[in-house]
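Quick look at target.cif (mmCIF, C-alpha atoms and all ligand atoms):
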data_coords
#
loop_
_atom_site.label_atom_id
_atom_site.label_comp_id
_atom_site.auth_asym_id
_atom_site.auth_seq_id
_atom_site.Cartn_x
_atom_site.Cartn_y
_atom_site.Cartn_z
CA MET G 1 7.36 -1.87 -24.36
CA THR G 2 9.90 -1.98 -21.55
CA ARG G 3 9.61 -4.17 -18.46
CA PHE G 4 9.16 -3.68 -14.71
CA SER G 5 12.67 -2.89 -13.50
CA THR G 6 13.49 -0.80 -16.56
CA ASP G 7 10.33 1.23 -15.97
CA SER G 8 11.08 1.60 -12.28
CA VAL G 9 14.50 3.07 -13.16
CA HIS G 10 13.74 5.03 -16.33
CA GLY G 11 9.96 5.54 -16.19
CA HIS G 12 10.21 9.25 -15.31
CA ASP G 13 11.63 9.97 -18.80
CA TYR G 14 13.72 12.81 -17.38
CA TYR G 15 16.61 14.20 -19.39
CA ASP G 16 18.16 17.64 -19.07
CA ILE G 17 19.35 18.74 -22.50
CA GLU G 18 21.58 21.47 -21.06
CA THR G 19 23.57 19.32 -18.62
CA GLY G 20 23.03 15.78 -19.91
CA SER G 21 21.73 14.73 -16.47
CA PHE G 22 19.29 11.83 -16.38
CA LYS G 23 18.73 12.03 -12.63
CA VAL G 24 15.57 13.85 -11.59
CA PRO G 25 16.49 16.99 -9.61
CA LEU G 26 14.87 18.01 -6.35
CA TYR G 27 12.71 20.99 -7.20
CA LEU G 28 12.13 22.79 -3.92
CA SER G 29 10.56 25.79 -5.66
CA THR G 30 7.25 26.90 -4.20
CA VAL G 31 6.35 28.91 -7.28
CA PHE G 32 7.04 28.87 -10.99
CA GLU G 33 7.20 31.89 -13.24
CA HIS G 34 4.41 32.55 -15.72
CA PRO G 35 6.13 32.20 -19.08
CA ASP G 36 3.74 34.67 -20.70
CA ARG G 37 4.07 38.01 -18.88
CA ARG G 38 1.45 39.67 -21.04
CA THR G 39 -1.45 37.28 -20.35
CA GLY G 40 -0.11 35.88 -17.06
CA GLU G 41 -0.74 32.36 -18.40
CA ALA G 42 0.82 29.67 -16.25
CA ARG G 43 3.12 27.00 -17.58
CA LYS G 44 1.30 23.69 -18.12
CA SER G 45 2.56 20.36 -16.86
CA ASP G 46 2.91 17.63 -19.49
CA ARG G 47 -0.66 16.52 -18.69
CA GLY G 48 -2.11 20.00 -18.98
CA PHE G 49 -2.39 21.09 -15.34
CA GLU G 50 -1.17 24.56 -14.45
CA GLN G 51 2.32 24.49 -12.99
CA LYS G 52 2.56 27.63 -10.96
CA TYR G 53 2.50 26.58 -7.31
CA SER G 54 3.86 23.42 -5.66
CA ARG G 55 0.64 22.65 -3.78
CA GLU G 56 -0.77 21.90 -7.23
CA GLU G 57 2.03 20.49 -9.34
CA ASN G 58 5.73 19.95 -8.72
CA PRO G 59 8.20 18.60 -11.30
CA THR G 60 9.90 16.13 -8.90
CA VAL G 61 6.52 14.78 -7.75
CA ARG G 62 5.41 14.60 -11.37
CA ALA G 63 8.46 12.49 -12.30
CA PHE G 64 7.61 10.02 -9.50
CA GLU G 65 3.99 9.88 -10.67
CA LYS G 66 5.11 8.94 -14.17
CA VAL G 67 7.05 5.95 -12.84
CA ILE G 68 4.07 4.73 -10.80
CA ALA G 69 1.65 5.16 -13.70
CA LYS G 70 3.95 2.96 -15.81
CA LEU G 71 4.36 0.30 -13.12
CA GLU G 72 0.65 0.14 -12.34
CA LYS G 73 -0.35 0.33 -16.04
CA GLY G 74 -2.46 3.41 -15.46
CA SER G 75 -2.49 6.45 -17.68
CA GLN G 76 -1.93 8.80 -14.73
CA ALA G 77 -0.82 8.87 -11.11
CA LEU G 78 -0.99 11.41 -8.29
CA GLY G 79 1.43 11.64 -5.39
CA PHE G 80 0.23 12.47 -1.85
CA ASN G 81 1.80 13.41 1.44
CA SER G 82 0.76 10.05 2.94
CA GLY G 83 -1.15 6.90 2.08
CA MET G 84 -4.01 8.29 4.17
CA GLY G 85 -3.84 11.53 2.16
CA SER G 86 -4.51 9.56 -1.01
CA ILE G 87 -7.34 7.57 0.61
CA ALA G 88 -8.96 10.78 1.92
CA ALA G 89 -8.85 12.32 -1.58
CA VAL G 90 -10.45 9.18 -3.04
CA TYR G 91 -13.29 9.22 -0.50
CA LEU G 92 -13.92 12.94 -0.86
CA SER G 93 -13.80 13.08 -4.63
CA ALA G 94 -15.85 9.96 -5.35
CA LEU G 95 -18.46 9.74 -2.57
CA SER G 96 -21.60 11.75 -1.88
CA ALA G 97 -24.23 11.79 0.85
CA GLY G 98 -26.37 8.66 0.67
CA ASP G 99 -23.61 6.49 -0.87
CA ARG G 100 -22.66 3.08 0.43
CA ILE G 101 -19.06 1.88 0.50
CA ILE G 102 -17.76 -1.62 1.15
CA ILE G 103 -14.38 -2.00 2.84
CA THR G 104 -12.27 -5.05 3.68
CA LYS G 105 -12.90 -5.98 7.28
CA GLU G 106 -9.20 -6.60 7.77
CA SER G 107 -8.15 -3.34 6.16
CA TYR G 108 -5.65 -0.90 7.63
CA GLY G 109 -7.40 0.45 10.75
CA THR G 110 -7.27 4.12 9.77
CA THR G 111 -8.66 3.44 6.26
CA GLN G 112 -11.67 1.88 7.95
CA ASP G 113 -11.83 4.42 10.73
CA LEU G 114 -11.91 7.34 8.24
CA ALA G 115 -14.69 5.67 6.22
CA LEU G 116 -16.74 5.02 9.36
CA ASN G 117 -16.31 8.70 10.28
CA LEU G 118 -17.91 9.70 6.99
CA ALA G 119 -21.22 8.56 8.50
CA LYS G 120 -21.71 12.16 9.67
CA PHE G 121 -21.80 13.20 5.99
CA GLY G 122 -24.40 10.51 5.19
CA ILE G 123 -22.00 7.89 3.80
CA LYS G 124 -22.56 4.35 4.99
CA THR G 125 -19.69 1.89 5.42
CA ILE G 126 -20.27 -1.84 5.15
CA LEU G 127 -17.47 -4.18 6.20
CA ALA G 128 -16.93 -7.27 4.08
CA GLY G 129 -14.59 -10.24 3.96
CA PRO G 130 -12.17 -11.44 4.91
CA GLU G 131 -13.13 -14.07 2.30
CA THR G 132 -13.87 -13.26 -1.36
CA GLU G 133 -17.35 -14.83 -1.22
CA ASP G 134 -18.53 -12.32 1.34
CA PHE G 135 -17.57 -9.47 -1.03
CA LEU G 136 -19.34 -11.12 -3.95
CA GLU G 137 -22.51 -11.43 -1.88
CA LYS G 138 -22.45 -7.86 -0.55
CA ILE G 139 -21.58 -6.07 -3.81
CA GLN G 140 -25.03 -5.18 -5.12
CA PRO G 141 -26.21 -2.53 -7.59
CA GLY G 142 -26.21 0.84 -5.83
CA VAL G 143 -22.97 0.28 -3.91
CA ALA G 144 -20.83 3.27 -4.87
CA MET G 145 -17.39 1.95 -4.04
CA VAL G 146 -15.53 -1.12 -2.87
CA LEU G 147 -12.09 -0.86 -1.27
CA VAL G 148 -10.03 -4.02 -0.92
CA GLU G 149 -6.43 -4.68 0.03
CA THR G 150 -4.62 -7.20 -2.19
CA ILE G 151 -2.81 -8.69 0.81
CA THR G 152 -4.27 -7.86 4.20
CA ASN G 153 -2.50 -6.98 7.38
CA PRO G 154 -1.65 -8.62 9.76
CA GLN G 155 -2.98 -12.03 8.67
CA ALA G 156 -1.69 -11.75 5.07
CA ARG G 157 -4.97 -12.94 3.55
CA VAL G 158 -5.36 -12.69 -0.22
CA VAL G 159 -8.74 -11.99 -1.78
CA ASP G 160 -9.54 -12.83 -5.38
CA VAL G 161 -9.43 -9.25 -6.66
CA ARG G 162 -10.12 -10.50 -10.19
CA LYS G 163 -13.49 -11.98 -9.18
CA ILE G 164 -14.34 -8.88 -7.14
CA ALA G 165 -13.49 -6.64 -10.11
CA LYS G 166 -15.78 -8.69 -12.34
CA ARG G 167 -18.62 -8.38 -9.84
CA CYS G 168 -18.03 -4.61 -9.54
CA LYS G 169 -18.23 -4.30 -13.31
CA GLU G 170 -21.63 -6.04 -13.29
CA THR G 171 -23.01 -3.74 -10.60
CA GLY G 172 -21.42 -0.50 -11.88
CA THR G 173 -19.39 -0.15 -8.66
CA ARG G 174 -16.01 1.58 -8.49
CA LEU G 175 -13.29 -0.74 -7.25
CA VAL G 176 -10.36 0.73 -5.32
CA VAL G 177 -7.46 -1.60 -4.62
CA ASP G 178 -4.95 -0.75 -1.92
CA ASN G 179 -1.98 -2.53 -3.46
CA THR G 180 0.51 -1.53 -0.75
CA PHE G 181 1.50 -5.03 0.38
CA ALA G 182 1.53 -6.70 -3.04
CA THR G 183 3.16 -3.87 -5.03
CA PRO G 184 2.70 -3.79 -8.83
CA LEU G 185 5.42 -6.43 -9.07
CA LEU G 186 2.94 -9.06 -7.85
CA TYR G 187 -0.29 -7.60 -9.11
CA LYS G 188 -1.63 -4.75 -11.25
CA PRO G 189 -5.28 -4.19 -10.34
CA LEU G 190 -6.01 -1.77 -13.21
CA LEU G 191 -5.39 -4.55 -15.73
CA ASP G 192 -8.28 -6.47 -14.18
CA GLY G 193 -10.65 -3.51 -14.37
CA ALA G 194 -10.17 -1.82 -10.98
CA TRP G 195 -11.10 1.86 -11.11
CA LEU G 196 -8.12 2.97 -9.07
CA THR G 197 -5.15 1.51 -7.24
CA LEU G 198 -3.22 3.16 -4.43
CA HIS G 199 -0.24 2.75 -2.13
CA SER G 200 1.20 3.86 1.10
CA VAL G 201 4.53 4.85 -0.49
CA THR G 202 5.83 4.82 3.08
CA LYS G 203 6.11 1.02 2.69
CA TYR G 204 7.69 -0.97 -0.17
CA ILE G 205 7.83 1.77 -2.81
CA GLY G 206 9.77 4.19 -0.59
CA GLY G 207 11.46 1.11 0.78
CA HIS G 208 13.86 2.56 3.35
CA ASN G 209 11.72 3.54 6.36
CA ASP G 210 12.62 7.16 5.78
CA LEU G 211 9.62 8.83 4.16
CA ILE G 212 5.84 9.17 4.46
CA GLY G 213 3.95 9.28 1.19
CA GLY G 214 1.03 8.03 -0.85
CA VAL G 215 0.22 7.57 -4.50
CA LEU G 216 -2.73 6.51 -6.61
CA ALA G 217 -3.00 5.46 -10.25
CA LEU G 218 -5.97 5.26 -12.58
CA ASN G 219 -7.03 5.51 -16.23
CA ASP G 220 -10.04 7.81 -16.32
CA PRO G 221 -8.96 11.38 -17.27
CA MET G 222 -12.11 13.04 -15.87
CA ASP G 223 -11.79 11.27 -12.52
CA LEU G 224 -8.14 12.29 -12.46
CA ILE G 225 -9.16 15.95 -12.65
CA GLU G 226 -11.58 15.51 -9.73
CA LEU G 227 -8.89 13.80 -7.65
CA TRP G 228 -6.32 16.42 -8.61
CA GLU G 229 -8.74 19.17 -7.53
CA PHE G 230 -9.26 17.50 -4.17
CA ARG G 231 -5.51 17.13 -3.67
CA ARG G 232 -5.17 20.85 -4.40
CA ARG G 233 -8.03 21.79 -2.06
CA LEU G 234 -6.81 19.54 0.74
CA GLY G 235 -3.20 20.62 0.29
CA SER G 236 -2.13 16.99 0.36
CA ILE G 237 0.37 16.77 -2.49
CA MET G 238 3.54 14.79 -1.84
CA GLY G 239 6.50 16.91 -0.78
CA PRO G 240 9.28 17.26 -3.38
CA PHE G 241 11.92 15.77 -1.08
CA GLU G 242 9.70 12.75 -0.41
CA ALA G 243 9.18 12.40 -4.17
CA PHE G 244 12.95 12.53 -4.66
CA LEU G 245 13.43 9.75 -2.08
CA ALA G 246 10.51 7.78 -3.50
CA LEU G 247 12.03 7.92 -6.99
CA ARG G 248 15.25 6.52 -5.61
CA GLY G 249 13.27 3.92 -3.63
CA VAL G 250 11.10 2.73 -6.49
CA SER G 251 14.13 2.24 -8.74
CA THR G 252 15.20 -0.73 -6.57
CA LEU G 253 11.71 -2.05 -5.78
CA LYS G 254 12.07 -5.35 -7.61
CA VAL G 255 15.38 -6.45 -6.09
CA ARG G 256 14.29 -5.44 -2.61
CA PHE G 257 10.87 -7.05 -2.84
CA GLU G 258 12.29 -10.30 -4.24
CA THR G 259 14.73 -10.61 -1.33
CA GLN G 260 12.08 -9.69 1.24
CA SER G 261 9.62 -12.20 -0.21
CA LYS G 262 12.15 -15.04 -0.37
CA ASN G 263 13.30 -14.39 3.18
CA ALA G 264 9.70 -14.13 4.40
CA LEU G 265 8.95 -17.57 2.96
CA ALA G 266 12.09 -19.05 4.53
CA LEU G 267 11.21 -17.58 7.95
CA ALA G 268 7.58 -18.67 7.66
CA GLU G 269 8.81 -22.23 7.09
CA PHE G 270 11.26 -21.93 9.96
CA LEU G 271 8.57 -20.65 12.33
CA GLN G 272 6.06 -23.25 11.22
CA ASP G 273 8.31 -25.99 12.59
CA HIS G 274 9.20 -24.16 15.79
CA PRO G 275 7.93 -25.75 19.05
CA LYS G 276 7.00 -22.35 20.59
CA ILE G 277 4.79 -21.37 17.66
CA GLU G 278 1.06 -22.04 17.45
CA GLY G 279 0.42 -20.89 13.88
CA VAL G 280 2.03 -19.04 10.95
CA TYR G 281 0.14 -16.89 8.44
CA TYR G 282 1.81 -16.38 5.07
CA PRO G 283 0.27 -16.91 1.62
CA GLY G 284 3.52 -18.36 0.29
CA LEU G 285 3.14 -21.43 2.53
CA LYS G 286 1.56 -24.31 0.62
CA THR G 287 -0.56 -24.99 3.71
CA SER G 288 -2.03 -21.46 3.66
CA PRO G 289 -5.72 -21.32 2.68
CA TYR G 290 -4.79 -18.30 0.51
CA HIS G 291 -1.92 -19.95 -1.38
CA LYS G 292 -4.02 -21.02 -4.36
CA THR G 293 -5.62 -17.59 -4.80
CA ALA G 294 -2.25 -15.86 -4.44
CA ARG G 295 -0.63 -18.13 -7.01
CA ALA G 296 -3.42 -17.50 -9.49
CA LEU G 297 -3.51 -13.74 -8.89
CA PHE G 298 0.16 -12.85 -8.66
CA SER G 299 2.19 -12.58 -11.83
CA VAL G 300 5.40 -13.85 -10.20
CA ARG G 301 5.98 -16.65 -7.68
CA LEU G 302 6.50 -14.32 -4.74
CA TYR G 303 4.17 -13.66 -1.84
CA GLY G 304 5.39 -10.48 -0.18
CA GLY G 305 7.51 -9.58 2.81
CA LEU G 306 4.86 -9.70 5.53
CA LEU G 307 3.93 -12.63 7.74
CA SER G 308 2.37 -13.08 11.12
CA PHE G 309 2.55 -15.79 13.73
CA LYS G 310 0.98 -16.81 17.01
CA VAL G 311 3.24 -17.77 19.86
CA LYS G 312 2.16 -20.48 22.28
CA GLY G 313 0.74 -18.70 25.31
CA GLY G 314 -0.79 -15.25 25.33
CA LYS G 315 -0.03 -11.56 25.54
CA LYS G 316 2.80 -12.04 28.03
CA GLU G 317 4.71 -14.44 25.77
CA ALA G 318 4.12 -12.34 22.63
CA LEU G 319 5.36 -9.19 24.32
CA GLU G 320 8.37 -11.08 25.66
CA VAL G 321 9.41 -11.96 22.09
CA LEU G 322 8.96 -8.32 21.15
CA ARG G 323 11.21 -7.31 24.04
CA LYS G 324 13.90 -9.86 23.25
CA VAL G 325 14.54 -9.29 19.52
CA GLN G 326 17.74 -7.43 18.77
CA VAL G 327 18.46 -7.31 15.02
CA ILE G 328 14.72 -7.10 14.36
CA LYS G 329 13.29 -3.83 15.68
CA PRO G 330 10.03 -3.73 17.63
CA SER G 331 8.26 -1.12 15.53
CA PRO G 332 5.22 -0.49 13.33
CA SER G 333 5.24 0.05 9.55
CA LEU G 334 7.04 -2.16 7.06
CA GLY G 335 8.62 -2.44 3.65
CA GLY G 336 11.91 -0.76 4.47
CA THR G 337 15.47 -1.99 4.96
CA GLU G 338 15.00 -2.88 8.64
CA SER G 339 13.01 -5.93 9.72
CA LEU G 340 10.26 -4.88 12.08
CA LEU G 341 8.25 -6.86 14.58
CA ASN G 342 4.96 -5.52 15.70
CA TYR G 343 2.05 -6.26 18.04
CA PRO G 344 -1.08 -5.71 15.89
CA VAL G 345 -3.54 -5.45 18.80
CA THR G 346 -2.02 -2.14 19.83
CA SER G 347 -0.82 -1.04 16.38
CA ALA G 348 -2.28 -1.22 12.84
CA SER G 349 -5.37 -3.13 14.07
CA LYS G 350 -5.91 -0.96 17.15
CA THR G 351 -8.70 1.05 15.53
CA LEU G 352 -10.62 -2.09 14.50
CA SER G 353 -13.44 -2.91 16.90
CA PRO G 354 -12.68 -5.74 19.39
CA VAL G 355 -15.48 -7.80 17.79
CA VAL G 356 -13.89 -7.48 14.33
CA ARG G 357 -10.43 -8.21 15.74
CA LYS G 358 -11.72 -11.38 17.38
CA GLU G 359 -13.49 -12.50 14.22
CA LEU G 360 -10.29 -11.99 12.20
CA GLY G 361 -8.14 -13.92 14.64
CA ILE G 362 -6.10 -10.88 15.65
CA GLY G 363 -5.53 -12.21 19.15
CA ASP G 364 -3.29 -11.39 22.08
CA ASN G 365 -0.59 -13.86 21.04
CA LEU G 366 -0.27 -12.61 17.44
CA LEU G 367 2.88 -10.89 16.18
CA ARG G 368 3.53 -9.44 12.74
CA LEU G 369 6.93 -9.63 11.13
CA ALA G 370 7.82 -7.39 8.19
CA LEU G 371 11.03 -8.34 6.47
CA GLY G 372 13.81 -5.88 5.83
CA LEU G 373 17.03 -6.60 4.00
CA GLU G 374 19.26 -8.14 6.66
CA ASP G 375 20.86 -11.56 6.16
CA LEU G 376 18.35 -14.36 6.55
CA GLU G 377 20.59 -16.30 8.96
CA ASP G 378 20.82 -13.31 11.32
CA LEU G 379 17.04 -12.92 11.33
CA GLU G 380 16.57 -16.61 12.03
CA ASP G 381 19.14 -16.50 14.86
CA ASP G 382 17.43 -13.44 16.31
CA LEU G 383 13.99 -15.06 16.29
CA SER G 384 15.44 -18.25 17.77
CA GLN G 385 17.01 -16.46 20.70
CA ALA G 386 13.89 -14.35 21.30
CA LEU G 387 11.62 -17.40 21.22
CA SER G 388 13.90 -19.35 23.54
CA ALA G 389 13.17 -16.72 26.19
CA ILE G 390 9.51 -17.76 26.51
C1 LIG G 401 -2.40 -1.02 3.62
C2 LIG G 401 -2.19 0.37 4.07
N1 LIG G 401 -2.80 1.36 3.40
C3 LIG G 401 -2.64 2.65 3.77
C4 LIG G 401 -1.88 3.00 4.84
C5 LIG G 401 -1.73 4.44 5.23
O1 LIG G 401 -0.50 4.88 4.77
P1 LIG G 401 0.33 6.09 5.46
O2 LIG G 401 0.77 5.60 6.80
O3 LIG G 401 1.44 6.31 4.49
O4 LIG G 401 -0.61 7.23 5.56
C6 LIG G 401 -1.21 2.01 5.57
C7 LIG G 401 -0.36 2.36 6.71
O5 LIG G 401 0.16 1.53 7.41
C8 LIG G 401 -1.38 0.66 5.17
O6 LIG G 401 -0.80 -0.32 5.86
#
Can you present the structure in this file as C-alpha cells?
Ligand SMILES: Cc1ncc(COP(=O)(O)O)c(C=O)c1O
Amino acid sequence: MTRFSTDSVHGHDYYDIETGSFKVPLYLSTVFEHPDRRTGEARKSDRGFEQKYSREENPTVRAFEKVIAKLEKGSQALGFNSGMGSIAAVYLSALSAGDRIIITKESYGTTQDLALNLAKFGIKTILAGPETEDFLEKIQPGVAMVLVETITNPQARVVDVRKIAKRCKETGTRLVVDNTFATPLLYKPLLDGAWLTLHSVTKYIGGHNDLIGGVLALNDPMDLIELWEFRRRLGSIMGPFEAFLALRGVSTLKVRFETQSKNALALAEFLQDHPKIEGVYYPGLKTSPYHKTARALFSVRLYGGLLSFKVKGGKKEALEVLRKVQVIKPSPSLGGTESLLNYPVTSASKTLSPVVRKELGIGDNLLRLALGLEDLEDLEDDLSQALSAI
C-alpha cells in the first residue's frame, strides 16, 4: 500500500496508453457517445454509473474523486461544485421529515444555517458542543445524524471525533465529519467509523485560492448511489476545470499543509507573547485546552494553518489591524497560497446567532488568521507593523 503523498500524486491511476501521458486531461465534454449504437447503452464509469452526460459523471472529476477516496480511506468519493453543494446533498439524501440532526455549535455558519432552514421540511436541528462532552450527552438513540468539524472555525477547537464516533455507533447515528480544516493528512474520520467525511475543496485541497469545490468520501455503496442521485438531481457536480485544478492542488497538499501548520505554530507563539494581544487560539500551543485531544487524534504532529487571536481593545482596534496588514490580505476563506486575515463577526460566523457567538467567544476583538505560503519572517513583520498601529 502506498502512502499519503504518493497517493495524492498518483491516486487517480490515470494512464493514456496511446500517448503515454500520466497527467489527467481536462474533459470539457458535455456528452459522451453511446458505445453501443444498436441498444443505445451508455458507457459505464469504472464504478458502474452511466457516463453519458457531465452533470452525472465526468472523467476529470472522477480522477479527482479517486485521489480523495484513497486519501480519506473511503471506497468512493463524489466531487461537488462547492463545499455547500456536498453538504446539501448529504442533508437531502440522508434526512427525512421528523429526523433530528446534531450540529457543532461552532460550525461553518452556512452549514448550520442550511440545517436550521430544513425545519420547514420537519427536520429538527440541535446545536451541540463546542466541547466533546456535550455531544456525548446529546447523542441519543433516534438522532439521525451528527455533523462535526474536526477543527472548528474561528476558535480552532478540536473535538474528540473518536469518542463521538463510538457514541454514534452505540446509538445507530450517522456521523458526518467536515474534515476541511484538518485534511486527511491529520485525520481520517472513516477509519474511526464515521459514516461520511467531506471537504470544502475551496480550502486546503484546492490550495491556491482559485477554485470553489466540495467533495465527500464514504464506504457504503448503497448510500453512495443515493448521494450520487441527489448530486445528479441537484445538478451540483464539480466542474471539470475545477476538478483539474483540484487534482493539481491535492498533489501538493502535504508539503503545503506542513509549511502552513509550522508557520501557524510559530506565529501563534509570536502573538502569544505580544503586548497588544489578549489571547491566542491554536491547538498546537501547549497551553491550548485542545492540545491534548489534537495530539491524540491527529496522526502527525501538526495542528493546521488556522489560528485566531484577540487584540487588546475592541472592534476599533481589531479593524485597525485588518486595515494595516499589507502582505497578509484582509479576506475570507483560507487554505490557499495567500495568508488571509478575517473578522469572523461579519464573515464565517455572521450567520450564527448573537447568543451562540457570545457563548463561543467570537467577540468584537477577535481576528482569524489563515496561513498561506509566504515567508514566515515577512508575515511576522507584517503583523508587527499592523499591531504597532493600535
Ligand atoms: C468548514 C467548512 N465547511 C464547508 C464550507 C463550505 O464550503 P464552500 O465555501 O466551498 O461551499 C466552508 C466554507 O468556508 C467551511 O469553512
(request) Anything within 9 Å of (-23.7, 4.9, -4.1): list those residues as a PyMOL selection string, counting all atoms listed in the file and sticking to the file's coordinates. (result) chain G and resi 95-101+123+141-145+173
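One finds atom CA of G:Ala165 at 28.6 Å from atom CA of G:Arg368.
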Produce a table with one row for each residue of chain G that has an atom at most 7 Å from any atom of ligand LIG 401 (chain G), each row naming the nearest atom pair and its distance in Å at one decimal; use all atoms listed in the file; arrange rows by chain and rising residue number; format as CSV.
residue,atom,partner,partner_atom,distance
G:Ser82,CA,G:LIG401,O4,4.1
G:Gly83,CA,G:LIG401,O1,3.4
G:Met84,CA,G:LIG401,O4,3.8
G:Gly85,CA,G:LIG401,O4,6.4
G:Ser107,CA,G:LIG401,C1,6.7
G:Tyr108,CA,G:LIG401,C2,5.1
G:Thr111,CA,G:LIG401,C3,6.6
G:Glu149,CA,G:LIG401,C1,6.5
G:Asp178,CA,G:LIG401,C1,6.1
G:Thr180,CA,G:LIG401,C1,5.3
G:Phe181,CA,G:LIG401,C1,6.5
G:His199,CA,G:LIG401,N1,6.3
G:Ser200,CA,G:LIG401,O1,4.2
G:Val201,CA,G:LIG401,O3,6.0
G:Thr202,CA,G:LIG401,O3,4.8
G:Ile212,CA,G:LIG401,O3,5.2
G:Gly213,CA,G:LIG401,O3,5.1
G:Gly214,CA,G:LIG401,O3,5.6
G:Ser333,CA,G:LIG401,O5,5.7
G:Ala348,CA,G:LIG401,O5,6.6
Write a file of the selected residues as a PDB file, in the frame of the given file, keeping C-alpha atoms.
ATOM      1  CA  SER G  82       0.760  10.050   2.940  1.00  0.00           C
ATOM      2  CA  GLY G  83      -1.150   6.900   2.080  1.00  0.00           C
ATOM      3  CA  MET G  84      -4.010   8.290   4.170  1.00  0.00           C
ATOM      4  CA  GLY G  85      -3.840  11.530   2.160  1.00  0.00           C
ATOM      5  CA  SER G 107      -8.150  -3.340   6.160  1.00  0.00           C
ATOM      6  CA  TYR G 108      -5.650  -0.900   7.630  1.00  0.00           C
ATOM      7  CA  THR G 111      -8.660   3.440   6.260  1.00  0.00           C
ATOM      8  CA  GLU G 149      -6.430  -4.680   0.030  1.00  0.00           C
ATOM      9  CA  ASP G 178      -4.950  -0.750  -1.920  1.00  0.00           C
ATOM     10  CA  THR G 180       0.510  -1.530  -0.750  1.00  0.00           C
ATOM     11  CA  PHE G 181       1.500  -5.030   0.380  1.00  0.00           C
ATOM     12  CA  HIS G 199      -0.240   2.750  -2.130  1.00  0.00           C
ATOM     13  CA  SER G 200       1.200   3.860   1.100  1.00  0.00           C
ATOM     14  CA  VAL G 201       4.530   4.850  -0.490  1.00  0.00           C
ATOM     15  CA  THR G 202       5.830   4.820   3.080  1.00  0.00           C
ATOM     16  CA  ILE G 212       5.840   9.170   4.460  1.00  0.00           C
ATOM     17  CA  GLY G 213       3.950   9.280   1.190  1.00  0.00           C
ATOM     18  CA  GLY G 214       1.030   8.030  -0.850  1.00  0.00           C
ATOM     19  CA  SER G 333       5.240   0.050   9.550  1.00  0.00           C
ATOM     20  CA  ALA G 348      -2.280  -1.220  12.840  1.00  0.00           C
TER      21      ALA G 348
END
(request) Pick out the closest residue to G:Ile277 from this set: G:Cys168, G:Val321, G:Ile87, G:Val215. Count all atoms listed in the file. (result) G:Val321
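The space separating atom CA of G:Glu41 from atom CA of G:Thr19 comes to 27.6 Å.
For the pair atom CA of G:Leu234 and atom CA of G:Gly79, the interatomic distance is 13.0 Å.
Ranking G:Arg157, G:Lys52, G:Arg167, G:Arg256 by their shortest atom-to-atom distance to G:Pro289, with all atoms listed in the file included, puts G:Arg157 first.
Nearest residue to G:Phe244, choosing from G:Asp381, G:Glu65, G:Asp192, G:Asp364 and counting all atoms listed in the file: G:Glu65.
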Which residues of stretch 229-258 of chain G have any atom within 12 Å of an atom in stretch 28-39 of chain G when counting all atoms listed in the file, and what is the closest pair of atoms for each, with the distance in Å to one decimal? Order the rows by chain and rising number and write it as JSON lines.
{"residue": "G:Met238", "atom": "CA", "partner": "G:Leu28", "partner_atom": "CA", "distance": 11.9}
{"residue": "G:Gly239", "atom": "CA", "partner": "G:Leu28", "partner_atom": "CA", "distance": 8.7}
{"residue": "G:Pro240", "atom": "CA", "partner": "G:Leu28", "partner_atom": "CA", "distance": 6.2}
{"residue": "G:Phe241", "atom": "CA", "partner": "G:Leu28", "partner_atom": "CA", "distance": 7.6}
{"residue": "G:Glu242", "atom": "CA", "partner": "G:Leu28", "partner_atom": "CA", "distance": 10.9}
{"residue": "G:Ala243", "atom": "CA", "partner": "G:Leu28", "partner_atom": "CA", "distance": 10.8}
{"residue": "G:Phe244", "atom": "CA", "partner": "G:Leu28", "partner_atom": "CA", "distance": 10.3}
(message) Which residues are near stretch 298-306 of chain G? Cut-off 6 Å, only C-alpha atoms, ignore same chain within fewer than 5 positions. Put them as JSON, numbers by chain.
(response) {"G": [186, 187, 260, 261, 264, 284, 369, 370, 371]}
(message) Counting only C-alpha atoms, which residue out of G:Thr2, G:Ser236, G:Ser86, G:Ser75 sits closest to G:Leu190?
(response) G:Ser75
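Among the candidate residues G:Asn219, G:Thr293, G:Thr337, G:Ser388, the one lying nearest to G:Asp160 is G:Thr293, with distances computed using only C-alpha atoms.
Near (-11.5, -10.6, 11.3), the residues that fall inside 9 Å on the basis of all atoms listed in the file are Lys105, Glu106, Gly129, Pro130, Val355, Val356, Arg357, Lys358, Glu359, Leu360, Gly361 and Ile362 of chain G.
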Shell around G:Lys166 at 9 Å using only C-alpha atoms, local window under 3 positions removed, as a short mmCIF file (atom, residue, chain, number, x, y, z; two decimals) with C-alpha atoms, keeping the file's coordinate frame:
data_model
loop_
_atom_site.label_atom_id
_atom_site.label_comp_id
_atom_site.auth_asym_id
_atom_site.auth_seq_id
_atom_site.Cartn_x
_atom_site.Cartn_y
_atom_site.Cartn_z
CA VAL G 161 -9.43 -9.25 -6.66
CA ARG G 162 -10.12 -10.50 -10.19
CA LYS G 163 -13.49 -11.98 -9.18
CA LYS G 169 -18.23 -4.30 -13.31
CA GLU G 170 -21.63 -6.04 -13.29
CA THR G 171 -23.01 -3.74 -10.60
CA ASP G 192 -8.28 -6.47 -14.18
CA GLY G 193 -10.65 -3.51 -14.37
CA ALA G 194 -10.17 -1.82 -10.98
#
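Closest approach to G:Val177 among G:Ser353, G:Pro154, G:Arg248, G:Leu147: G:Leu147, based on only C-alpha atoms.
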